[in-house]
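Colleague: My structure file my_file15.csv, CSV, N, CA and C atoms and all ligand atoms, is below:
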```
chain,number,residue,atom,x,y,z
A,11,MET,N,70.3,57.3,136.3
A,11,MET,CA,69.8,57.7,135.0
A,11,MET,C,68.6,56.8,134.6
A,12,ASP,N,67.5,57.4,134.2
A,12,ASP,CA,66.3,56.6,134.0
A,12,ASP,C,66.5,55.5,132.9
A,13,ASP,N,67.2,55.8,131.9
A,13,ASP,CA,67.2,54.9,130.8
A,13,ASP,C,68.5,54.0,130.7
A,14,CYS,N,69.2,54.0,131.9
A,14,CYS,CA,70.5,53.2,131.9
A,14,CYS,C,70.3,51.8,132.4
A,15,LEU,N,70.7,50.9,131.6
A,15,LEU,CA,70.5,49.4,131.9
A,15,LEU,C,71.2,49.1,133.3
A,16,PHE,N,72.4,49.6,133.5
A,16,PHE,CA,73.1,49.2,134.7
A,16,PHE,C,72.6,49.9,135.9
A,17,CYS,N,72.1,51.1,135.8
A,17,CYS,CA,71.4,51.8,136.9
A,17,CYS,C,70.1,50.9,137.3
A,18,LYS,N,69.5,50.4,136.3
A,18,LYS,CA,68.3,49.6,136.6
A,18,LYS,C,68.7,48.3,137.2
A,19,ILE,N,69.8,47.7,136.9
A,19,ILE,CA,70.3,46.5,137.5
A,19,ILE,C,70.7,46.8,139.0
A,20,ILE,N,71.3,47.9,139.2
A,20,ILE,CA,71.7,48.3,140.6
A,20,ILE,C,70.4,48.5,141.4
A,21,ALA,N,69.4,49.1,140.8
A,21,ALA,CA,68.1,49.3,141.5
A,21,ALA,C,67.3,48.1,141.7
A,22,GLY,N,67.7,47.0,141.1
A,22,GLY,CA,66.9,45.7,141.2
A,22,GLY,C,65.7,45.6,140.2
A,23,GLU,N,65.7,46.6,139.3
A,23,GLU,CA,64.5,46.6,138.4
A,23,GLU,C,64.7,45.6,137.2
A,24,ILE,N,66.0,45.3,137.0
A,24,ILE,CA,66.4,44.2,136.0
A,24,ILE,C,67.2,43.2,136.8
A,25,PRO,N,66.8,41.9,136.7
A,25,PRO,CA,67.5,40.9,137.5
A,25,PRO,C,69.0,40.7,137.0
A,26,SER,N,69.8,40.3,138.0
A,26,SER,CA,71.2,40.0,137.7
A,26,SER,C,71.7,39.0,138.7
A,27,LYS,N,72.8,38.3,138.4
A,27,LYS,CA,73.4,37.4,139.3
A,27,LYS,C,74.5,38.1,140.0
A,28,LYS,N,74.2,38.5,141.2
A,28,LYS,CA,75.1,39.3,142.1
A,28,LYS,C,76.3,38.5,142.5
A,29,VAL,N,77.5,39.1,142.4
A,29,VAL,CA,78.7,38.6,142.9
A,29,VAL,C,79.1,39.3,144.2
A,30,TYR,N,78.8,40.6,144.3
A,30,TYR,CA,79.3,41.4,145.4
A,30,TYR,C,78.6,42.7,145.4
A,31,GLU,N,78.4,43.3,146.6
A,31,GLU,CA,77.8,44.6,146.6
A,31,GLU,C,78.2,45.3,147.9
A,32,ASP,N,78.6,46.6,147.8
A,32,ASP,CA,78.7,47.5,149.0
A,32,ASP,C,78.1,48.8,148.7
A,33,ASP,N,78.4,49.8,149.5
A,33,ASP,CA,77.7,51.1,149.3
A,33,ASP,C,78.1,51.8,148.0
A,34,ARG,N,79.3,51.4,147.5
A,34,ARG,CA,79.8,52.2,146.3
A,34,ARG,C,79.8,51.4,145.0
A,35,VAL,N,79.9,50.1,145.1
A,35,VAL,CA,80.0,49.3,143.8
A,35,VAL,C,79.1,48.1,143.9
A,36,TYR,N,78.8,47.6,142.7
A,36,TYR,CA,77.9,46.4,142.5
A,36,TYR,C,78.7,45.5,141.5
A,37,ALA,N,78.7,44.2,141.8
A,37,ALA,CA,79.4,43.3,140.8
A,37,ALA,C,78.4,42.2,140.5
A,38,PHE,N,78.4,41.8,139.2
A,38,PHE,CA,77.4,40.7,138.8
A,38,PHE,C,78.0,40.0,137.6
A,39,TYR,N,77.5,38.8,137.3
A,39,TYR,CA,78.0,38.0,136.2
A,39,TYR,C,77.5,38.6,134.9
A,40,ASP,N,78.4,38.6,133.9
A,40,ASP,CA,78.0,39.1,132.6
A,40,ASP,C,77.1,38.1,131.9
A,41,ILE,N,76.0,38.6,131.3
A,41,ILE,CA,75.0,37.8,130.7
A,41,ILE,C,75.5,37.0,129.5
A,42,ASP,N,76.6,37.4,128.9
A,42,ASP,CA,77.2,36.8,127.7
A,42,ASP,C,78.7,36.6,128.0
A,43,PRO,N,79.0,35.6,128.8
A,43,PRO,CA,80.4,35.4,129.3
A,43,PRO,C,81.4,35.1,128.2
A,44,GLN,N,82.5,35.7,128.3
A,44,GLN,CA,83.6,35.5,127.3
A,44,GLN,C,84.8,34.7,127.9
A,45,ALA,N,84.6,34.2,129.1
A,45,ALA,CA,85.6,33.3,129.7
A,45,ALA,C,84.8,32.5,130.8
A,46,PRO,N,85.4,31.4,131.3
A,46,PRO,CA,84.7,30.7,132.3
A,46,PRO,C,84.2,31.5,133.5
A,47,ILE,N,85.0,32.5,133.9
A,47,ILE,CA,84.6,33.5,134.9
A,47,ILE,C,84.6,34.8,134.2
A,48,HIS,N,83.4,35.5,134.2
A,48,HIS,CA,83.3,36.8,133.6
A,48,HIS,C,82.3,37.6,134.3
A,49,PHE,N,82.7,38.5,135.1
A,49,PHE,CA,81.8,39.4,135.9
A,49,PHE,C,82.1,40.9,135.6
A,50,LEU,N,81.2,41.7,136.0
A,50,LEU,CA,81.3,43.2,135.8
A,50,LEU,C,81.3,43.8,137.1
A,51,VAL,N,82.1,44.8,137.3
A,51,VAL,CA,82.1,45.7,138.5
A,51,VAL,C,81.7,47.1,138.1
A,52,ILE,N,80.7,47.6,138.7
A,52,ILE,CA,80.2,48.9,138.3
A,52,ILE,C,80.1,49.8,139.5
A,53,PRO,N,80.4,51.1,139.4
A,53,PRO,CA,80.1,52.1,140.5
A,53,PRO,C,78.6,52.2,140.6
A,54,LYS,N,78.1,52.4,141.8
A,54,LYS,CA,76.6,52.7,141.9
A,54,LYS,C,76.3,54.1,141.4
A,55,GLN,N,77.3,55.0,141.4
A,55,GLN,CA,77.2,56.3,140.8
A,55,GLN,C,77.2,56.2,139.3
A,56,HIS,N,76.2,56.9,138.6
A,56,HIS,CA,76.2,56.8,137.1
A,56,HIS,C,77.3,57.6,136.5
A,57,ILE,N,78.3,57.0,136.1
A,57,ILE,CA,79.5,57.6,135.3
A,57,ILE,C,79.4,57.0,134.0
A,58,THR,N,79.4,57.8,132.9
A,58,THR,CA,79.1,57.2,131.6
A,58,THR,C,80.3,56.3,131.0
A,59,GLY,N,81.5,56.6,131.5
A,59,GLY,CA,82.6,55.8,131.0
A,59,GLY,C,83.9,56.2,131.6
A,60,ALA,N,85.0,55.5,131.2
A,60,ALA,CA,86.3,55.7,131.7
A,60,ALA,C,86.8,57.1,131.4
A,61,ASN,N,86.3,57.7,130.3
A,61,ASN,CA,86.7,59.1,130.0
A,61,ASN,C,86.1,60.1,130.9
A,62,LYS,N,85.2,59.7,131.8
A,62,LYS,CA,84.6,60.7,132.7
A,62,LYS,C,85.2,60.5,134.1
A,63,ILE,N,86.2,59.7,134.3
A,63,ILE,CA,86.9,59.6,135.6
A,63,ILE,C,87.7,60.8,135.8
A,64,ASP,N,87.5,61.4,137.0
A,64,ASP,CA,88.2,62.7,137.3
A,64,ASP,C,88.4,62.8,138.8
A,65,ALA,N,88.9,63.9,139.3
A,65,ALA,CA,89.2,64.1,140.7
A,65,ALA,C,88.0,63.9,141.6
A,66,THR,N,86.8,64.1,141.1
A,66,THR,CA,85.6,64.0,141.9
A,66,THR,C,85.2,62.6,142.1
A,67,ASN,N,85.6,61.7,141.3
A,67,ASN,CA,85.0,60.3,141.4
A,67,ASN,C,86.1,59.2,141.3
A,68,GLY,N,87.4,59.7,141.1
A,68,GLY,CA,88.5,58.7,140.8
A,68,GLY,C,88.7,57.7,142.0
A,69,ASP,N,88.4,58.1,143.2
A,69,ASP,CA,88.6,57.1,144.3
A,69,ASP,C,87.8,55.9,144.1
A,70,LEU,N,86.7,56.0,143.4
A,70,LEU,CA,85.9,54.8,143.1
A,70,LEU,C,86.6,53.7,142.3
A,71,VAL,N,87.5,54.2,141.5
A,71,VAL,CA,88.3,53.2,140.6
A,71,VAL,C,89.2,52.4,141.5
A,72,GLY,N,89.9,53.1,142.4
A,72,GLY,CA,90.8,52.3,143.3
A,72,GLY,C,90.0,51.3,144.2
A,73,HIS,N,88.8,51.8,144.6
A,73,HIS,CA,87.9,50.9,145.4
A,73,HIS,C,87.5,49.7,144.5
A,74,ALA,N,87.1,50.0,143.3
A,74,ALA,CA,86.7,48.9,142.4
A,74,ALA,C,87.8,47.8,142.2
A,75,PHE,N,89.0,48.3,142.1
A,75,PHE,CA,90.2,47.4,141.9
A,75,PHE,C,90.4,46.6,143.2
A,76,GLN,N,90.2,47.2,144.4
A,76,GLN,CA,90.4,46.5,145.6
A,76,GLN,C,89.3,45.4,145.7
A,77,VAL,N,88.1,45.7,145.3
A,77,VAL,CA,87.0,44.7,145.3
A,77,VAL,C,87.3,43.6,144.3
A,78,ILE,N,87.9,44.0,143.2
A,78,ILE,CA,88.2,42.9,142.2
A,78,ILE,C,89.2,42.0,142.7
A,79,ALA,N,90.3,42.5,143.4
A,79,ALA,CA,91.3,41.6,144.0
A,79,ALA,C,90.7,40.7,145.0
A,80,GLN,N,89.7,41.2,145.8
A,80,GLN,CA,89.0,40.4,146.8
A,80,GLN,C,88.1,39.3,146.2
A,81,ILE,N,87.3,39.7,145.2
A,81,ILE,CA,86.4,38.8,144.6
A,81,ILE,C,87.2,37.7,143.8
A,82,THR,N,88.2,38.0,143.1
A,82,THR,CA,88.9,37.0,142.3
A,82,THR,C,89.6,36.0,143.3
A,83,LYS,N,90.0,36.4,144.4
A,83,LYS,CA,90.5,35.5,145.4
A,83,LYS,C,89.4,34.5,145.9
A,84,GLU,N,88.2,35.1,146.2
A,84,GLU,CA,87.1,34.3,146.7
A,84,GLU,C,86.6,33.3,145.6
A,85,LEU,N,86.7,33.7,144.4
A,85,LEU,CA,86.2,32.8,143.3
A,85,LEU,C,87.3,31.8,142.8
A,86,GLY,N,88.5,31.9,143.4
A,86,GLY,CA,89.5,31.0,143.1
A,86,GLY,C,90.2,31.2,141.8
A,87,CYS,N,90.3,32.5,141.4
A,87,CYS,CA,90.9,32.8,140.1
A,87,CYS,C,92.5,32.9,140.3
A,88,GLY,N,92.9,32.7,141.5
A,88,GLY,CA,94.3,32.9,141.8
A,88,GLY,C,94.8,34.3,141.4
A,89,ASP,N,96.0,34.4,140.8
A,89,ASP,CA,96.5,35.7,140.5
A,89,ASP,C,96.3,35.9,139.0
A,90,ASP,N,95.5,35.1,138.3
A,90,ASP,CA,95.5,35.2,136.8
A,90,ASP,C,94.1,35.7,136.4
A,91,TYR,N,94.0,36.9,136.1
A,91,TYR,CA,92.7,37.5,135.6
A,91,TYR,C,93.0,38.7,134.8
A,92,ARG,N,92.0,39.2,134.0
A,92,ARG,CA,92.2,40.4,133.2
A,92,ARG,C,91.1,41.4,133.6
A,93,VAL,N,91.4,42.6,133.7
A,93,VAL,CA,90.4,43.7,133.9
A,93,VAL,C,90.4,44.6,132.7
A,94,VAL,N,89.2,44.8,132.1
A,94,VAL,CA,89.0,45.5,130.9
A,94,VAL,C,87.9,46.5,131.1
A,95,THR,N,88.2,47.7,130.6
A,95,THR,CA,87.1,48.7,130.4
A,95,THR,C,87.1,49.2,129.0
A,96,ASN,N,86.0,49.0,128.3
A,96,ASN,CA,85.9,49.6,126.9
A,96,ASN,C,85.3,51.0,127.0
A,97,CYS,N,86.0,51.9,126.3
A,97,CYS,CA,85.5,53.3,126.4
A,97,CYS,C,85.2,53.8,125.0
A,98,GLY,N,84.0,54.1,124.7
A,98,GLY,CA,83.6,54.6,123.4
A,98,GLY,C,83.2,53.4,122.5
A,99,PRO,N,82.3,53.7,121.5
A,99,PRO,CA,81.8,52.7,120.6
A,99,PRO,C,82.9,52.0,119.8
A,100,LYS,N,83.9,52.7,119.4
A,100,LYS,CA,85.0,52.1,118.6
A,100,LYS,C,85.8,51.1,119.4
A,101,ALA,N,85.8,51.3,120.7
A,101,ALA,CA,86.5,50.3,121.6
A,101,ALA,C,85.6,49.2,122.1
A,102,GLY,N,84.3,49.3,121.7
A,102,GLY,CA,83.4,48.2,122.0
A,102,GLY,C,82.5,48.5,123.2
A,103,GLN,N,82.4,49.7,123.7
A,103,GLN,CA,81.5,50.0,124.8
A,103,GLN,C,80.1,50.0,124.3
A,104,SER,N,79.3,49.2,124.9
A,104,SER,CA,77.9,49.1,124.5
A,104,SER,C,76.9,49.6,125.6
A,105,VAL,N,77.4,49.7,126.8
A,105,VAL,CA,76.5,50.2,127.9
A,105,VAL,C,77.3,51.5,128.5
A,106,ASN,N,76.6,52.6,128.4
A,106,ASN,CA,77.2,53.8,128.8
A,106,ASN,C,77.1,54.1,130.3
A,107,HIS,N,77.5,53.1,131.1
A,107,HIS,CA,77.7,53.2,132.6
A,107,HIS,C,79.0,52.5,132.8
A,108,LEU,N,80.0,53.2,133.4
A,108,LEU,CA,81.3,52.7,133.6
A,108,LEU,C,81.3,51.3,134.2
A,109,HIS,N,82.0,50.4,133.6
A,109,HIS,CA,82.1,49.0,134.1
A,109,HIS,C,83.4,48.4,133.8
A,110,PHE,N,83.9,47.6,134.7
A,110,PHE,CA,85.1,46.9,134.6
A,110,PHE,C,84.8,45.4,134.4
A,111,HIS,N,85.1,44.9,133.2
A,111,HIS,CA,85.0,43.4,133.0
A,111,HIS,C,86.1,42.7,133.7
A,112,VAL,N,85.8,41.6,134.4
A,112,VAL,CA,86.9,40.8,135.0
A,112,VAL,C,86.7,39.4,134.3
A,113,LEU,N,87.8,39.0,133.7
A,113,LEU,CA,87.8,37.7,132.9
A,113,LEU,C,88.9,36.8,133.5
A,114,ALA,N,88.5,35.5,133.7
A,114,ALA,CA,89.4,34.6,134.3
A,114,ALA,C,89.0,33.2,133.9
A,115,GLY,N,89.9,32.2,134.2
A,115,GLY,CA,89.5,30.8,134.0
A,115,GLY,C,90.0,30.2,132.7
A,116,ARG,N,90.7,31.0,131.9
A,116,ARG,CA,91.3,30.4,130.7
A,116,ARG,C,92.5,31.3,130.3
A,117,GLU,N,93.3,30.8,129.4
A,117,GLU,CA,94.4,31.6,128.8
A,117,GLU,C,93.8,32.7,128.1
A,118,LEU,N,94.3,33.9,128.3
A,118,LEU,CA,93.8,35.1,127.7
A,118,LEU,C,94.8,35.7,126.7
A,119,GLY,N,94.5,35.7,125.4
A,119,GLY,CA,95.4,36.1,124.4
A,119,GLY,C,95.7,37.6,124.4
A,120,TRP,N,96.8,38.1,123.8
A,120,TRP,CA,97.1,39.4,123.7
A,120,TRP,C,97.8,39.7,122.4
A,121,PRO,N,97.5,40.7,121.7
A,121,PRO,CA,96.6,41.8,122.0
A,121,PRO,C,95.2,41.5,121.8
A,122,PRO,N,94.3,42.2,122.5
A,122,PRO,CA,92.8,42.0,122.2
A,122,PRO,C,92.5,42.5,120.8
A,123,GLY,N,91.3,42.1,120.3
A,123,GLY,CA,90.9,42.6,119.0
A,123,GLY,C,90.6,44.0,118.9
A,201,LIG,P1,80.7,46.7,127.0
A,201,LIG,O1,80.2,46.1,125.6
A,201,LIG,O2,82.1,46.7,127.2
A,201,LIG,O3,80.0,48.0,127.2
A,201,LIG,O4,80.1,45.7,128.1
A,201,LIG,C1,78.8,45.5,128.4
A,201,LIG,C2,78.6,44.2,128.9
A,201,LIG,O5,77.3,44.1,129.5
A,201,LIG,C3,78.6,43.1,127.8
A,201,LIG,O6,79.6,42.2,128.1
A,201,LIG,C4,77.2,42.4,127.9
A,201,LIG,O7,77.2,41.0,127.7
A,201,LIG,C5,76.8,42.8,129.4
A,201,LIG,N1,75.4,42.9,129.6
A,201,LIG,C6,74.4,43.4,128.9
A,201,LIG,N2,73.2,43.3,129.4
A,201,LIG,C7,73.4,42.6,130.6
A,201,LIG,C8,72.6,42.1,131.6
A,201,LIG,N3,71.3,42.4,131.6
A,201,LIG,N4,73.1,41.4,132.7
A,201,LIG,C9,74.5,41.2,132.7
A,201,LIG,N5,75.3,41.6,131.7
A,201,LIG,C10,74.8,42.3,130.7
A,202,ZN,ZN,73.8,54.1,134.9
```
Would you write out, as structure tokens, the structure that this file holds?
Modeller:
Amino acid sequence: MDDCLFCKIIAGEIPSKKVYEDDRVYAFYDIDPQAPIHFLVIPKQHITGANKIDATNGDLVGHAFQVIAQITKELGCGDDYRVVTNCGPKAGQSVNHLHFHVLAGRELGWPPG
């Protein structure tokens, strides 16, 4: 999508601090970290949000979680991390390209705000 911030990051048109990349997903550090480790995992396919996950693209979600398990090990997060996806403006979604926040490195309170 021409006007999508995360599609531009995938294309290299906007700089990012890459954590991981393969043919299906791209991972990069969040510009406004909410924990000592905070990165985003996004599908390279433009999917606007979690509410658009369906039988045609759902395999990407499993792949994203496999990648998250791998990256968190490599970054030394141990088994303590949180994966969050905000869907819709009332839930805090500000970029309309599906993304999984991965937060680690501190105690994480529950419930979230
Ligand atoms: P959300 O608010 O759940 O849609 O998450 C969007 C996230 O993207 C926020 O945590 C932002 O800090 C992050 N973000 C926005 N612009 C950039 C950027 N250029 N590079 C890295 N992260 C970004
Ligand atoms: Zn996009």
Colleague: Of the candidates A:Ala79, A:Val51, A:Ala60, A:Leu113, which shows the shortest atom-to-atom distance to Gly98 (chain A), using only N, CA and C atoms?
Modeller: A:Ala60
Colleague: Give the strand (DSSP E or B) residues of region 17-55 of chain A, as assigned by DSSP on the backbone, as a compact mmCIF listing (two decimals) with N, CA and C atoms, keeping the file's coordinate frame.
Modeller:
```
# COMPACT_ATOMS: atom_id res chain seq x y z
N LYS A 28 74.20 38.50 141.20
CA LYS A 28 75.10 39.30 142.10
C LYS A 28 76.30 38.50 142.50
N VAL A 29 77.50 39.10 142.40
CA VAL A 29 78.70 38.60 142.90
C VAL A 29 79.10 39.30 144.20
N TYR A 30 78.80 40.60 144.30
CA TYR A 30 79.30 41.40 145.40
C TYR A 30 78.60 42.70 145.40
N GLU A 31 78.40 43.30 146.60
CA GLU A 31 77.80 44.60 146.60
C GLU A 31 78.20 45.30 147.90
N VAL A 35 79.90 50.10 145.10
CA VAL A 35 80.00 49.30 143.80
C VAL A 35 79.10 48.10 143.90
N TYR A 36 78.80 47.60 142.70
CA TYR A 36 77.90 46.40 142.50
C TYR A 36 78.70 45.50 141.50
N ALA A 37 78.70 44.20 141.80
CA ALA A 37 79.40 43.30 140.80
C ALA A 37 78.40 42.20 140.50
N PHE A 38 78.40 41.80 139.20
CA PHE A 38 77.40 40.70 138.80
C PHE A 38 78.00 40.00 137.60
N TYR A 39 77.50 38.80 137.30
CA TYR A 39 78.00 38.00 136.20
C TYR A 39 77.50 38.60 134.90
N ILE A 47 85.00 32.50 133.90
CA ILE A 47 84.60 33.50 134.90
C ILE A 47 84.60 34.80 134.20
N HIS A 48 83.40 35.50 134.20
CA HIS A 48 83.30 36.80 133.60
C HIS A 48 82.30 37.60 134.30
N PHE A 49 82.70 38.50 135.10
CA PHE A 49 81.80 39.40 135.90
C PHE A 49 82.10 40.90 135.60
N LEU A 50 81.20 41.70 136.00
CA LEU A 50 81.30 43.20 135.80
C LEU A 50 81.30 43.80 137.10
N VAL A 51 82.10 44.80 137.30
CA VAL A 51 82.10 45.70 138.50
C VAL A 51 81.70 47.10 138.10
N ILE A 52 80.70 47.60 138.70
CA ILE A 52 80.20 48.90 138.30
C ILE A 52 80.10 49.80 139.50
N PRO A 53 80.40 51.10 139.40
CA PRO A 53 80.10 52.10 140.50
C PRO A 53 78.60 52.20 140.60
```
Colleague: Give the residues close to ligand ZN 202 (chain A), within 5 Å, counting only N, CA and C atoms and all ligand atoms; write them as number ranges by chain.
Modeller: A: 11, 14, 16-17, 56, 107
Colleague: For Glu84 (chain A), list every protein, DNA or RNA residue within 12 Å, evaluated using only C-alpha atoms, and leave out those in the same chain fewer than 6 positions away; present the list as a list in words.
Modeller: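 Near Glu84 (chain A), the qualifying residues are Val29, Tyr30, Val77 and Ile78 of chain A.
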Colleague: Step by step, measure atom-to-atom distances between ligand LIG 201 (chain A) and each residue using all atoms listed in the file, keep those at most 8 Å, then write them as a VMD selection string.
Modeller: chain A and resid 15 to 16 19 24 to 27 38 to 44 49 to 50 94 to 98 101 to 111
Colleague: Compare A:Gly123, A:Gly72, A:Gly86, A:Gly115 by their minimum atom-to-atom distance to His48 (chain A), counting all atoms listed in the file, and give me the closest one.
Modeller: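 Looking at the shortest contact to His48 (chain A), the residue is A:Gly115.
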Colleague: CA of Gly119 (chain A) and CA of Leu85 (chain A), how far apart in Å?
Modeller: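 Pair CA of Leu85 (chain A) / CA of Gly119 (chain A) returns 21.3 Å.
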Colleague: When you count only C-alpha atoms, which of these residues is closest to Phe75 (chain A): A:Ala21, A:Val112, A:Ile63, A:Ile47?
Modeller: A:Val112
Colleague: CA of Ile52 (chain A) and CA of Gly22 (chain A) are how many Å apart?
Modeller: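 Computed distance, CA of Ile52 (chain A) to CA of Gly22 (chain A), equals 14.0 Å.
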Colleague: To one decimal place in Å, what is the distance between CA of Asp33 (chain A) and atom N of Gln55 (chain A)?
Modeller: 8.8 Å
Colleague: Quick one: of A:Leu118, A:His73, A:Ile20, A:Gln80, who's nearest to Arg92 (chain A), counting only N, CA and C atoms?
Modeller: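 Using only N, CA and C atoms, the shortest distance to Arg92 (chain A) belongs to A:Leu118.
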Colleague: DSSP says helix (DSSP H, G or I) for which residues of chain A? Put them as a tab-separated table (two decimals) with N, CA and C atoms, keeping the file's coordinate frame?
Modeller:
```tsv
chain	number	residue	atom	x	y	z
A	15	LEU	N	70.70	50.90	131.60
A	15	LEU	CA	70.50	49.40	131.90
A	15	LEU	C	71.20	49.10	133.30
A	16	PHE	N	72.40	49.60	133.50
A	16	PHE	CA	73.10	49.20	134.70
A	16	PHE	C	72.60	49.90	135.90
A	17	CYS	N	72.10	51.10	135.80
A	17	CYS	CA	71.40	51.80	136.90
A	17	CYS	C	70.10	50.90	137.30
A	18	LYS	N	69.50	50.40	136.30
A	18	LYS	CA	68.30	49.60	136.60
A	18	LYS	C	68.70	48.30	137.20
A	19	ILE	N	69.80	47.70	136.90
A	19	ILE	CA	70.30	46.50	137.50
A	19	ILE	C	70.70	46.80	139.00
A	20	ILE	N	71.30	47.90	139.20
A	20	ILE	CA	71.70	48.30	140.60
A	20	ILE	C	70.40	48.50	141.40
A	60	ALA	N	85.00	55.50	131.20
A	60	ALA	CA	86.30	55.70	131.70
A	60	ALA	C	86.80	57.10	131.40
A	61	ASN	N	86.30	57.70	130.30
A	61	ASN	CA	86.70	59.10	130.00
A	61	ASN	C	86.10	60.10	130.90
A	62	LYS	N	85.20	59.70	131.80
A	62	LYS	CA	84.60	60.70	132.70
A	62	LYS	C	85.20	60.50	134.10
A	69	ASP	N	88.40	58.10	143.20
A	69	ASP	CA	88.60	57.10	144.30
A	69	ASP	C	87.80	55.90	144.10
A	70	LEU	N	86.70	56.00	143.40
A	70	LEU	CA	85.90	54.80	143.10
A	70	LEU	C	86.60	53.70	142.30
A	71	VAL	N	87.50	54.20	141.50
A	71	VAL	CA	88.30	53.20	140.60
A	71	VAL	C	89.20	52.40	141.50
A	72	GLY	N	89.90	53.10	142.40
A	72	GLY	CA	90.80	52.30	143.30
A	72	GLY	C	90.00	51.30	144.20
A	73	HIS	N	88.80	51.80	144.60
A	73	HIS	CA	87.90	50.90	145.40
A	73	HIS	C	87.50	49.70	144.50
A	74	ALA	N	87.10	50.00	143.30
A	74	ALA	CA	86.70	48.90	142.40
A	74	ALA	C	87.80	47.80	142.20
A	75	PHE	N	89.00	48.30	142.10
A	75	PHE	CA	90.20	47.40	141.90
A	75	PHE	C	90.40	46.60	143.20
A	76	GLN	N	90.20	47.20	144.40
A	76	GLN	CA	90.40	46.50	145.60
A	76	GLN	C	89.30	45.40	145.70
A	77	VAL	N	88.10	45.70	145.30
A	77	VAL	CA	87.00	44.70	145.30
A	77	VAL	C	87.30	43.60	144.30
A	78	ILE	N	87.90	44.00	143.20
A	78	ILE	CA	88.20	42.90	142.20
A	78	ILE	C	89.20	42.00	142.70
A	79	ALA	N	90.30	42.50	143.40
A	79	ALA	CA	91.30	41.60	144.00
A	79	ALA	C	90.70	40.70	145.00
A	80	GLN	N	89.70	41.20	145.80
A	80	GLN	CA	89.00	40.40	146.80
A	80	GLN	C	88.10	39.30	146.20
A	81	ILE	N	87.30	39.70	145.20
A	81	ILE	CA	86.40	38.80	144.60
A	81	ILE	C	87.20	37.70	143.80
A	82	THR	N	88.20	38.00	143.10
A	82	THR	CA	88.90	37.00	142.30
A	82	THR	C	89.60	36.00	143.30
A	83	LYS	N	90.00	36.40	144.40
A	83	LYS	CA	90.50	35.50	145.40
A	83	LYS	C	89.40	34.50	145.90
A	84	GLU	N	88.20	35.10	146.20
A	84	GLU	CA	87.10	34.30	146.70
A	84	GLU	C	86.60	33.30	145.60
A	99	PRO	N	82.30	53.70	121.50
A	99	PRO	CA	81.80	52.70	120.60
A	99	PRO	C	82.90	52.00	119.80
A	100	LYS	N	83.90	52.70	119.40
A	100	LYS	CA	85.00	52.10	118.60
A	100	LYS	C	85.80	51.10	119.40
A	101	ALA	N	85.80	51.30	120.70
A	101	ALA	CA	86.50	50.30	121.60
A	101	ALA	C	85.60	49.20	122.10
```
